[in-house]
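> Just passing along the structure, written as structure tokens.
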Amino acid sequence: MLMYGSIYAEAIGAVAGTKIEGPAEIKFTIGDVNCDGKINIFDVCEMKNGLKSGFSSNVYALASDVDQSDDVTIADAVQLHKYVDRKWCSSHLALCKRRISWR
């Protein structure tokens, strides 16, 4: 560690010829907030928790920005919830179209 007045600097070296890799590319899907490979109600829950308490990962926050506005808002959560709801209804069409009587 080197000291210049009240400024400290630390230098880290490597053996000659050592290849130093840059940051790894992170792949994610917009809307797949918990990065499990599926977009479902669990992503909606993770997004709502992130909006309430902060995201546990930067990747979760990036995946939550559904409208790509560079800001995660309740509008993103509503849009994701609508997508998940339509996706569920299209795979369970008979249940969504059937009227349920409580009599």
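Ordered as shown in the structure tokens, chains take letters A, B, and onward, while each chain numbers its residues from 1 and ligands are numbered from 1 in the order shown.
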When you look at A:Leu62 with a cut-off of 12 Å (counting only C-alpha atoms), what residues show up, excluding the ones that are within fewer than 6 positions of it in the same chain? I need them as a compact mmCIF listing (two decimals) with all heavy atoms, in the first residue's frame.

# COMPACT_ATOMS: atom_id res chain seq x y z
N ILE A 26 -23.74 -10.78 -18.65
CA ILE A 26 -24.87 -11.33 -17.90
C ILE A 26 -26.07 -11.35 -18.83
O ILE A 26 -26.45 -10.32 -19.38
CB ILE A 26 -25.19 -10.49 -16.65
CG1 ILE A 26 -23.99 -10.48 -15.71
CG2 ILE A 26 -26.43 -11.01 -15.95
CD1 ILE A 26 -24.12 -9.55 -14.56
N LYS A 27 -26.65 -12.54 -19.01
CA LYS A 27 -27.82 -12.67 -19.87
C LYS A 27 -29.06 -12.85 -19.00
O LYS A 27 -29.04 -13.59 -18.03
CB LYS A 27 -27.67 -13.86 -20.81
CG LYS A 27 -26.54 -13.67 -21.80
CD LYS A 27 -26.45 -14.82 -22.76
CE LYS A 27 -25.32 -14.57 -23.74
NZ LYS A 27 -25.23 -15.60 -24.76
N PHE A 28 -30.11 -12.13 -19.36
CA PHE A 28 -31.38 -12.26 -18.64
C PHE A 28 -32.50 -11.92 -19.61
O PHE A 28 -32.27 -11.35 -20.66
CB PHE A 28 -31.43 -11.35 -17.41
CG PHE A 28 -31.33 -9.88 -17.74
CD1 PHE A 28 -32.46 -9.12 -17.91
CD2 PHE A 28 -30.10 -9.27 -17.88
CE1 PHE A 28 -32.38 -7.78 -18.22
CE2 PHE A 28 -30.00 -7.93 -18.20
CZ PHE A 28 -31.14 -7.18 -18.37
N THR A 29 -33.70 -12.29 -19.23
CA THR A 29 -34.89 -12.02 -20.03
C THR A 29 -35.73 -10.98 -19.31
O THR A 29 -35.98 -11.12 -18.10
CB THR A 29 -35.72 -13.32 -20.22
OG1 THR A 29 -34.88 -14.29 -20.85
CG2 THR A 29 -36.95 -13.07 -21.06
N ILE A 30 -36.15 -9.95 -20.03
CA ILE A 30 -37.02 -8.93 -19.43
C ILE A 30 -38.29 -9.63 -18.95
O ILE A 30 -38.94 -10.37 -19.68
CB ILE A 30 -37.38 -7.85 -20.47
CG1 ILE A 30 -36.14 -7.16 -21.01
CG2 ILE A 30 -38.36 -6.83 -19.88
CD1 ILE A 30 -35.34 -6.39 -20.01
N GLY A 31 -38.64 -9.41 -17.69
CA GLY A 31 -39.83 -10.01 -17.10
C GLY A 31 -39.53 -11.24 -16.27
O GLY A 31 -40.28 -11.59 -15.37
N ASP A 32 -38.41 -11.91 -16.54
CA ASP A 32 -38.01 -13.07 -15.73
C ASP A 32 -37.20 -12.55 -14.55
O ASP A 32 -35.99 -12.67 -14.49
CB ASP A 32 -37.19 -14.06 -16.57
CG ASP A 32 -36.82 -15.31 -15.80
OD1 ASP A 32 -37.40 -15.55 -14.71
OD2 ASP A 32 -35.94 -16.05 -16.27
N VAL A 33 -37.91 -11.95 -13.61
CA VAL A 33 -37.29 -11.20 -12.53
C VAL A 33 -36.41 -12.08 -11.64
O VAL A 33 -35.33 -11.69 -11.23
CB VAL A 33 -38.36 -10.47 -11.69
CG1 VAL A 33 -37.73 -9.67 -10.57
CG2 VAL A 33 -39.18 -9.55 -12.59
N ASN A 34 -36.86 -13.29 -11.34
CA ASN A 34 -36.08 -14.17 -10.46
C ASN A 34 -35.10 -15.05 -11.24
O ASN A 34 -34.44 -15.91 -10.66
CB ASN A 34 -36.99 -15.02 -9.57
CG ASN A 34 -37.90 -15.92 -10.36
OD1 ASN A 34 -37.80 -16.03 -11.57
ND2 ASN A 34 -38.81 -16.57 -9.66
N CYS A 35 -35.00 -14.83 -12.55
CA CYS A 35 -34.02 -15.50 -13.42
C CYS A 35 -34.07 -17.03 -13.34
O CYS A 35 -33.03 -17.70 -13.33
CB CYS A 35 -32.61 -15.01 -13.09
SG CYS A 35 -32.40 -13.24 -13.35
N MET A 47 -40.90 -8.88 -8.17
CA MET A 47 -40.88 -7.48 -8.56
C MET A 47 -41.54 -6.60 -7.51
O MET A 47 -41.02 -5.55 -7.14
CB MET A 47 -41.56 -7.27 -9.91
CG MET A 47 -41.51 -5.82 -10.38
SD MET A 47 -42.50 -5.48 -11.84
CE MET A 47 -41.55 -6.25 -13.10
N GLY A 50 -39.29 -6.25 -4.65
CA GLY A 50 -38.19 -5.35 -5.01
C GLY A 50 -38.62 -3.89 -4.98
O GLY A 50 -37.87 -3.02 -4.52
N PHE A 55 -34.32 -4.30 -4.59
CA PHE A 55 -34.00 -5.55 -5.27
C PHE A 55 -32.74 -6.16 -4.67
O PHE A 55 -31.79 -5.44 -4.36
CB PHE A 55 -33.84 -5.33 -6.77
CG PHE A 55 -35.12 -4.99 -7.45
CD1 PHE A 55 -35.48 -3.68 -7.68
CD2 PHE A 55 -36.00 -5.99 -7.84
CE1 PHE A 55 -36.68 -3.36 -8.30
CE2 PHE A 55 -37.20 -5.69 -8.46
CZ PHE A 55 -37.54 -4.37 -8.68
N SER A 56 -32.73 -7.47 -4.53
CA SER A 56 -31.58 -8.16 -3.94
C SER A 56 -30.44 -8.32 -4.94
O SER A 56 -29.35 -8.73 -4.58
CB SER A 56 -32.00 -9.53 -3.39
OG SER A 56 -32.55 -10.32 -4.42
N GLN A 68 -38.71 -0.73 -20.22
CA GLN A 68 -37.39 -0.22 -20.62
C GLN A 68 -37.28 1.30 -20.48
O GLN A 68 -36.71 1.97 -21.34
CB GLN A 68 -37.06 -0.65 -22.05
CG GLN A 68 -36.96 -2.16 -22.21
CD GLN A 68 -35.76 -2.72 -21.48
OE1 GLN A 68 -34.66 -2.60 -21.96
NE2 GLN A 68 -35.97 -3.30 -20.31
N SER A 69 -37.80 1.83 -19.37
CA SER A 69 -37.75 3.27 -19.12
C SER A 69 -36.56 3.66 -18.25
O SER A 69 -36.45 4.82 -17.86
CB SER A 69 -39.05 3.71 -18.44
OG SER A 69 -39.13 3.11 -17.15
N ASP A 70 -35.71 2.71 -17.93
CA ASP A 70 -34.55 2.90 -17.03
C ASP A 70 -34.97 3.20 -15.60
O ASP A 70 -34.18 3.72 -14.81
CB ASP A 70 -33.62 4.01 -17.54
CG ASP A 70 -32.94 3.62 -18.84
OD1 ASP A 70 -32.70 2.42 -19.05
OD2 ASP A 70 -32.66 4.53 -19.65
N ASP A 71 -36.21 2.87 -15.26
CA ASP A 71 -36.71 3.05 -13.90
C ASP A 71 -37.79 2.00 -13.66
O ASP A 71 -38.70 1.85 -14.47
CB ASP A 71 -37.29 4.46 -13.74
CG ASP A 71 -37.57 4.81 -12.31
OD1 ASP A 71 -36.92 4.25 -11.41
OD2 ASP A 71 -38.46 5.66 -12.08
N VAL A 72 -37.69 1.27 -12.56
CA VAL A 72 -38.70 0.26 -12.24
C VAL A 72 -39.80 0.92 -11.41
O VAL A 72 -39.53 1.49 -10.35
CB VAL A 72 -38.09 -0.93 -11.47
CG1 VAL A 72 -39.15 -1.98 -11.18
CG2 VAL A 72 -36.94 -1.53 -12.25
N THR A 73 -41.02 0.88 -11.94
CA THR A 73 -42.15 1.52 -11.26
C THR A 73 -43.30 0.52 -11.16
O THR A 73 -43.22 -0.59 -11.68
CB THR A 73 -42.64 2.75 -12.05
OG1 THR A 73 -43.11 2.31 -13.33
CG2 THR A 73 -41.52 3.77 -12.22
N ASP A 76 -44.48 -1.06 -14.37
CA ASP A 76 -43.81 -2.29 -14.81
C ASP A 76 -44.47 -3.51 -14.18
O ASP A 76 -44.68 -4.53 -14.84
CB ASP A 76 -42.32 -2.26 -14.44
CG ASP A 76 -41.56 -1.19 -15.18
OD1 ASP A 76 -41.51 -1.26 -16.43
OD2 ASP A 76 -41.02 -0.29 -14.52
> Can you pull out the residues contacting A:Ala77? Cut-off 12 Å, using only C-alpha atoms, and skip same-chain residues under 6 positions away; I want them as a PyMOL selection string.
chain A and resi 30-33+41-52+61+63-67+71+83-84
> If you measure from atom CA of A:Tyr60 to atom CA of A:Ser90, what distance in Å do you get, rounded to one decimal?
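Spanning atom CA of A:Tyr60 to atom CA of A:Ser90 is a straight-line distance of 26.2 Å.
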